[in-house]
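Engineer: What follows is final23.txt; its format and atoms are compact mmCIF, C-alpha atoms.
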# COMPACT_ATOMS: atom_id res chain seq x y z
CA LYS A 1 93.67 27.85 19.76
CA ASP A 2 92.75 30.35 22.48
CA PRO A 3 89.91 32.50 21.06
CA THR A 4 90.32 35.05 23.88
CA ASP A 5 93.91 35.79 22.85
CA PRO A 6 94.33 35.21 19.11
CA GLU A 7 97.77 36.82 18.99
CA PHE A 8 99.12 34.31 21.51
CA SER A 9 97.36 31.32 20.02
CA HIS A 10 97.83 30.68 16.31
CA THR A 11 95.69 28.58 14.01
CA TYR A 12 97.80 25.78 12.57
CA ALA A 13 97.39 23.37 9.68
CA PRO A 14 96.34 19.76 10.33
CA CYS A 15 98.85 17.81 12.42
CA VAL A 16 100.24 14.78 10.57
CA ALA A 17 102.66 13.40 13.19
CA ILE A 18 103.71 13.81 16.83
CA GLU A 19 107.03 12.83 18.48
CA TYR A 20 108.93 13.73 21.63
CA ASP A 21 112.69 14.04 22.03
CA GLN A 22 115.14 12.98 24.73
CA GLN A 23 114.58 16.24 26.61
CA GLY A 24 110.81 15.64 26.72
CA ILE A 25 110.02 18.31 24.13
CA ILE A 26 106.97 17.52 22.01
CA TRP A 27 107.34 17.98 18.25
CA LEU A 28 104.35 18.26 15.93
CA ALA A 29 104.54 18.19 12.16
CA THR A 30 101.88 20.11 10.26
CA ALA A 31 100.98 19.45 6.65
CA LYS A 32 102.41 22.71 5.26
CA LYS A 33 102.96 25.04 8.23
CA GLY A 34 106.32 23.82 9.45
CA LEU A 35 107.02 22.21 12.81
CA ILE A 36 105.61 23.08 16.22
CA LYS A 37 107.79 22.58 19.30
CA VAL A 38 105.99 22.38 22.66
CA ASN A 39 107.74 22.48 26.03
CA THR A 40 105.31 21.47 28.78
CA HIS A 41 108.00 21.98 31.47
CA GLY A 42 107.75 18.42 32.67
CA THR A 43 103.98 18.29 33.09
CA ILE A 44 101.84 15.57 31.52
CA ALA A 45 99.05 17.81 30.27
CA THR A 46 99.48 20.72 27.92
CA SER A 47 98.23 24.18 28.86
CA LEU A 48 98.41 27.80 27.81
CA ASP A 49 101.55 28.14 29.97
CA ASP A 50 103.51 25.89 27.64
CA ASP A 51 106.29 27.31 25.50
CA ILE A 52 105.10 26.91 21.91
CA THR A 53 107.56 27.66 19.10
CA ARG A 54 107.14 27.39 15.36
CA VAL A 55 110.20 25.86 13.70
CA TYR A 56 111.05 26.37 10.04
CA THR A 57 113.78 24.94 7.85
CA PRO A 58 116.50 27.39 6.76
CA ASP A 59 115.97 29.11 3.41
CA THR A 60 119.20 27.58 2.12
CA LEU A 61 118.22 23.99 2.93
CA GLY A 62 116.62 23.12 -0.40
CA ILE A 63 113.39 21.58 0.96
CA ASN A 64 110.89 24.04 2.40
CA ILE A 65 108.46 22.20 4.70
CA THR A 66 105.97 25.04 4.43
CA LYS A 67 105.70 24.44 0.67
CA LYS A 68 106.31 20.70 0.38
CA ALA A 69 103.83 18.35 2.06
CA VAL A 70 105.07 16.67 5.25
CA ARG A 71 103.90 13.05 5.69
CA ASP A 72 105.72 11.74 8.78
CA LEU A 73 108.00 12.64 11.68
CA PHE A 74 110.44 10.41 13.59
CA ILE A 75 113.07 10.99 16.31
CA ASP A 76 115.77 8.33 16.33
CA GLN A 77 117.98 6.83 19.02
CA ASN A 78 120.51 9.66 18.59
CA ASN A 79 117.93 12.42 19.08
CA VAL A 80 117.87 13.26 15.39
CA LEU A 81 114.57 14.43 13.95
CA TRP A 82 113.65 12.90 10.57
CA ILE A 83 110.94 14.49 8.41
CA ALA A 84 109.31 12.69 5.48
CA THR A 85 108.20 15.05 2.70
CA GLU A 86 107.01 14.83 -0.89
CA ALA A 87 110.41 16.21 -1.98
CA GLY A 88 112.77 14.07 0.08
CA ILE A 89 114.02 13.61 3.64
CA VAL A 90 114.87 16.43 6.03
CA THR A 91 116.91 15.80 9.19
CA TYR A 92 117.48 18.01 12.21
CA ASP A 93 120.09 17.07 14.81
CA ILE A 94 118.38 18.37 17.94
CA ASN A 95 121.54 18.28 20.06
CA ALA A 96 123.77 20.00 17.49
CA GLY A 97 121.09 22.24 15.99
CA THR A 98 122.04 21.34 12.41
CA TRP A 99 119.82 20.68 9.38
CA ALA A 100 120.42 18.41 6.37
CA THR A 101 118.49 16.88 3.49
CA ILE A 102 118.54 13.59 1.61
CA THR A 103 117.03 13.44 -1.87
CA LYS A 104 116.93 10.85 -4.62
CA THR A 105 120.06 10.79 -6.78
CA SER A 106 121.27 8.50 -9.54
CA ASP A 107 123.66 6.67 -7.23
CA ASN A 108 122.36 6.72 -3.65
CA GLY A 109 119.67 4.08 -4.21
CA LEU A 110 116.71 5.96 -2.72
CA PRO A 111 113.72 4.66 -4.73
CA ASP A 112 111.86 7.96 -4.92
CA LYS A 113 111.87 11.45 -3.43
CA SER A 114 108.27 11.11 -2.25
CA ILE A 115 108.55 9.75 1.31
CA TYR A 116 105.58 8.51 3.33
CA LYS A 117 106.99 6.68 6.36
CA ILE A 118 110.11 6.71 8.54
CA TYR A 119 110.97 3.86 10.93
CA GLN A 120 113.98 2.62 12.90
CA LEU A 121 114.94 -0.97 13.66
CA PRO A 122 116.47 -1.95 17.02
CA ASP A 123 119.99 -2.06 15.51
CA GLY A 124 119.62 1.60 14.53
CA THR A 125 118.95 1.00 10.83
CA MET A 126 116.57 3.58 9.37
CA VAL A 127 113.79 2.33 7.08
CA PHE A 128 111.81 4.47 4.66
CA GLY A 129 108.51 3.97 2.86
CA THR A 130 108.29 5.76 -0.47
CA SER A 131 105.94 5.91 -3.44
CA ARG A 132 108.18 3.43 -5.28
CA GLY A 133 109.00 0.87 -2.62
CA MET A 134 110.80 0.71 0.72
CA ALA A 135 114.47 1.19 1.53
CA PHE A 136 116.96 0.50 4.32
CA LYS A 137 119.55 3.26 4.85
CA ILE A 138 123.00 1.70 5.07
CA GLY A 139 125.68 4.35 5.55
CA ASP A 140 125.26 6.94 2.81
CA HIS A 141 123.26 4.71 0.45
CA PHE A 142 119.96 2.81 0.39
CA VAL A 143 119.04 -0.82 -0.20
CA ALA A 144 115.62 -0.82 -1.85
CA TYR A 145 112.86 -3.41 -2.25
CA ASP A 146 109.79 -3.02 -4.44
CA GLU A 147 108.42 -6.59 -4.65
CA LEU A 148 105.36 -5.54 -2.68
CA PRO A 149 101.58 -5.65 -3.18
CA ASN A 150 101.86 -1.96 -4.07
CA LYS A 151 104.93 0.24 -4.29
CA THR A 152 103.45 2.98 -2.10
CA VAL A 153 104.51 2.11 1.47
CA TYR A 154 102.67 3.65 4.41
CA SER A 155 103.65 1.69 7.52
CA PHE A 156 106.15 -0.64 9.23
CA PHE A 157 106.20 -2.80 12.33
CA TYR A 158 109.02 -4.81 13.94
CA ASP A 159 109.13 -6.35 17.41
CA GLU A 160 111.03 -9.59 18.02
CA ALA A 161 109.07 -10.29 21.20
CA GLU A 162 105.82 -10.22 19.23
CA THR A 163 106.55 -11.59 15.75
CA GLY A 164 110.19 -12.67 15.78
CA GLN A 165 112.57 -11.21 13.21
CA THR A 166 109.80 -10.31 10.78
CA LEU A 167 109.39 -6.81 9.39
CA TRP A 168 105.75 -6.06 8.51
CA ILE A 169 105.12 -3.58 5.68
CA GLY A 170 101.78 -1.86 5.00
CA THR A 171 101.16 -0.65 1.46
CA LYS A 172 98.38 0.95 -0.55
CA LYS A 173 97.03 -2.45 -1.66
CA GLY A 174 97.94 -5.02 0.94
CA TYR A 175 100.85 -5.92 3.18
CA ALA A 176 104.13 -7.79 2.98
CA THR A 177 106.65 -9.32 5.35
CA ILE A 178 110.43 -9.65 5.24
CA ASP A 179 112.37 -12.15 7.33
CA LEU A 180 115.38 -10.24 8.69
CA THR A 181 117.11 -13.31 10.16
CA GLN A 182 119.81 -13.16 7.47
CA ALA A 183 119.85 -9.38 7.07
CA GLY A 184 123.25 -8.93 8.70
CA THR A 185 124.45 -5.35 8.38
CA ALA A 186 124.03 -5.04 4.61
CA TYR A 187 120.29 -5.86 4.32
CA THR A 188 120.81 -7.23 0.80
CA GLY A 189 119.33 -10.34 -0.81
CA LEU A 190 116.18 -10.38 1.32
CA GLN A 191 112.89 -11.86 0.12
CA THR A 192 109.45 -10.33 0.57
CA GLN A 193 106.27 -12.33 1.10
CA GLN A 194 103.25 -10.53 -0.32
CA PHE A 195 99.61 -10.59 0.76
CA GLU A 196 97.07 -8.89 -1.49
CA ALA A 197 93.67 -9.39 -3.16
CA GLY A 198 92.33 -11.16 -0.11
CA TYR A 199 95.89 -10.88 1.13
CA GLY A 200 96.57 -14.61 0.70
CA ASP A 201 95.95 -14.47 4.43
CA THR A 202 92.22 -14.51 3.69
CA SER A 203 89.20 -13.15 5.53
CA ILE A 204 90.65 -9.68 6.03
CA SER A 205 87.87 -7.81 4.29
CA GLN A 206 88.42 -4.07 4.30
CA ALA A 207 90.48 -1.70 2.17
CA GLY A 208 94.01 -2.71 1.35
CA ASP A 209 95.20 0.80 2.15
CA ILE A 210 97.13 -0.08 5.32
CA ARG A 211 98.23 3.02 7.21
CA ALA A 212 99.31 1.45 10.53
CA ILE A 213 100.38 -1.95 11.89
CA LEU A 214 100.72 -2.96 15.55
CA PHE A 215 101.09 -6.31 17.28
CA LYS A 216 100.32 -6.68 21.00
CA ASN A 217 100.19 -10.00 22.84
CA ASN A 218 100.56 -11.70 19.44
CA ILE A 219 97.40 -10.04 18.13
CA GLY A 220 97.87 -7.91 15.03
CA TRP A 221 96.03 -4.65 14.48
CA PHE A 222 95.92 -3.21 10.97
CA GLY A 223 94.60 0.32 10.50
CA THR A 224 93.16 0.66 7.01
CA LYS A 225 91.40 3.40 5.12
CA ALA A 226 88.08 1.60 5.71
CA GLY A 227 88.44 0.61 9.35
CA LEU A 228 90.36 -1.61 11.74
CA GLU A 229 91.38 -5.23 11.15
CA GLN A 230 92.36 -7.62 13.95
CA ARG A 231 94.64 -10.52 13.01
CA ASN A 232 94.41 -13.37 15.53
CA GLY A 233 96.48 -15.68 13.37
CA PHE A 234 96.93 -16.88 9.80
CA ARG A 235 93.53 -16.73 8.03
CA ASP A 236 91.87 -15.63 11.27
CA TRP A 237 90.73 -12.01 11.08
CA ASN A 238 88.07 -9.76 12.60
CA SER A 239 86.91 -6.52 10.99
CA PHE A 240 85.88 -3.38 12.79
CA GLY A 241 84.18 -0.65 10.83
CA PRO A 242 80.93 1.27 10.36
CA GLU A 243 77.88 -0.98 10.61
CA PRO A 244 74.15 -0.31 10.15
CA GLY A 245 72.93 1.63 13.14
CA ASP A 246 76.29 3.20 13.94
CA VAL A 247 76.11 6.88 14.84
CA PHE A 248 78.23 9.33 12.88
CA GLN A 249 78.57 13.07 12.99
CA PHE A 250 78.32 15.55 10.15
CA LYS A 251 80.19 18.77 10.88
CA THR A 252 80.04 21.99 8.91
CA ARG A 253 81.25 25.52 9.44
CA MET A 254 78.26 26.90 7.54
CA PRO A 255 75.04 27.73 9.41
CA PHE A 256 72.05 25.72 8.33
CA SER A 257 68.41 25.28 9.31
CA SER A 258 65.82 22.51 9.29
CA LEU A 259 64.86 23.67 5.80
CA ASP A 260 68.25 22.62 4.45
CA HIS A 261 68.65 19.16 2.94
CA TYR A 262 71.76 16.97 2.76
CA ARG A 263 72.07 13.75 0.81
CA PHE A 264 74.47 10.97 1.85
CA ASN A 265 75.34 7.93 -0.26
CA THR A 266 76.20 4.86 1.82
CA THR A 267 76.76 1.18 1.15
CA LYS A 268 74.57 0.23 4.13
CA GLY A 269 71.67 1.92 5.83
CA HIS A 270 69.68 1.90 9.03
CA GLU A 271 66.25 3.35 9.67
CA ASP A 272 65.08 4.26 13.16
CA GLN A 273 61.37 5.07 13.52
CA ALA A 274 61.79 6.52 17.00
CA LEU A 275 61.87 10.31 17.00
Once more with this new file: its structure as C-alpha cells, please.
Structural biologist:
Amino acid sequence: KDPTDPEFSHTYAPCVAIEYDQQGIIWLATAKKGLIKVNTHGTIATSLDDDITRVYTPDTLGINITKKAVRDLFIDQNNVLWIATEAGIVTYDINAGTWATITKTSDNGLPDKSIYKIYQLPDGTMVFGTSRGMAFKIGDHFVAYDELPNKTVYSFFYDEAETGQTLWIGTKKGYATIDLTQAGTAYTGLQTQQFEAGYGDTSISQAGDIRAILFKNNIGWFGTKAGLEQRNGFRDWNSFGPEPGDVFQFKTRMPFSSLDHYRFNTTKGHEDQAL
C-alpha cells in the first residue's frame, strides 16, 4: 500500500498463495478479495511502476472467489491457473482466457468440494487435498484415497531425485506416503502408509498439523502449526520452535501506554532481570 496515493494503492486481504506464469506474471490469491495480477516488466523487484490488476471470476461462473474462501493457487505445465476454494476448484486458462469450475458430483469421484491443496506430478497428473481425503485427477474423474492419519489434506511433496517414487502427504494429524511405482496412468489400487500419534516415525514432537513438506539433499522439512521439523532419516528428527528466551513481537493497531496491562499464557517462560 502506498499511503501517499491511496487511490492508486489498494488495501487487499491477506495473501494465501503466490505463483508466476510462463510469461513471468505474478499471481497472488487473497482470502476473499479475488486475484491480484502483477506485471513487473521483467524486473526482479516489485515497485510502484508495476502494472497491478485485480482479477475476478465471471458472475456466471458459479463460484465467486470474493465470497468463497480461497486456500491455494497453482499454475500447471500448460499455463492453466488452478484455484482451491471452499466450494470447489476454479480454473483459468491464461493463454485462452477461459474460466471453468470443478465441483463435487455423485459420479466424478471428487471426495469433497472443500479444497485445501493443489499439486502436479511430473507426468502432469493433478493432485488435490480436500477435507475428506486426497484425489488424483484422471481425465474427467478423480481417484480418491482417504486412508490417512486425518482426512483433511494440506500438503504434498514428490521428487524422485530426493525420495524416489514416493508421494508425501501432510494432513491435519500426521503424514502419509504412497509408493507410486505401480501407479501407471490410472493411479488405482495404491496403498498408503500412515504416520500419526508419534507418527510411527517417532521423535517428531510438534503439532501434527502439517502445512508444508520439502526434501532437500535427502533432509526432510515439515512445516507444522507449532513450528518446523527436520527429518534426517527414519526415527531421526529435530524440532525447531519457540524456546524459553526467544523474542517475540506483540503487534496491535490500538494505541496503548505503560499503564496498560496485557496477559499472555504460555507453556514455557523466561525471566530476564536485566532492564
Engineer: In the coordinate frame of the file, compute which residues have an atom within 8 Å of (101.0, 2.0, 13.6) when using only C-alpha atoms, and state them as a PyMOL selection string.
Structural biologist: chain A and resi 155-157+211-214+222-223
Engineer: For Asp59 (chain A), which of A:Lys172, A:Gly109, A:Ala100, A:Asp21 is the closest residue, counting only C-alpha atoms?
Structural biologist: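 The answer is A:Ala100, which sits nearest to Asp59 (chain A).
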Engineer: What is the CA of Thr171 (chain A) to CA of Ile210 (chain A) distance in Å?
Structural biologist: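 According to the coordinates, CA of Thr171 (chain A) and CA of Ile210 (chain A) are separated by 5.6 Å.
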Engineer: For each of A:Thr152, A:Asn79, A:Ala176, A:Ile18, take the minimum atom-to-atom distance to Asn95 (chain A), counting all atoms listed in the file, then give the residue where this is smallest.
Structural biologist: A:Asn79
Engineer: Nearest to Thr53 (chain A): which of A:Ile219, A:Ile25, A:Val80, A:Ala31 is it, counting only C-alpha atoms?
Structural biologist: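 Of A:Ile219, A:Ile25, A:Val80, A:Ala31, the one nearest Thr53 (chain A), counting only C-alpha atoms, is A:Ile25.
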Engineer: Find the residue from A:Gln77, A:His41, A:Thr163, A:Leu35 that sits nearest to Gln22 (chain A); use only C-alpha atoms when measuring.
Structural biologist: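 Going through A:Gln77, A:His41, A:Thr163, A:Leu35 one by one, the smallest distance to Gln22 (chain A) is for A:Gln77.
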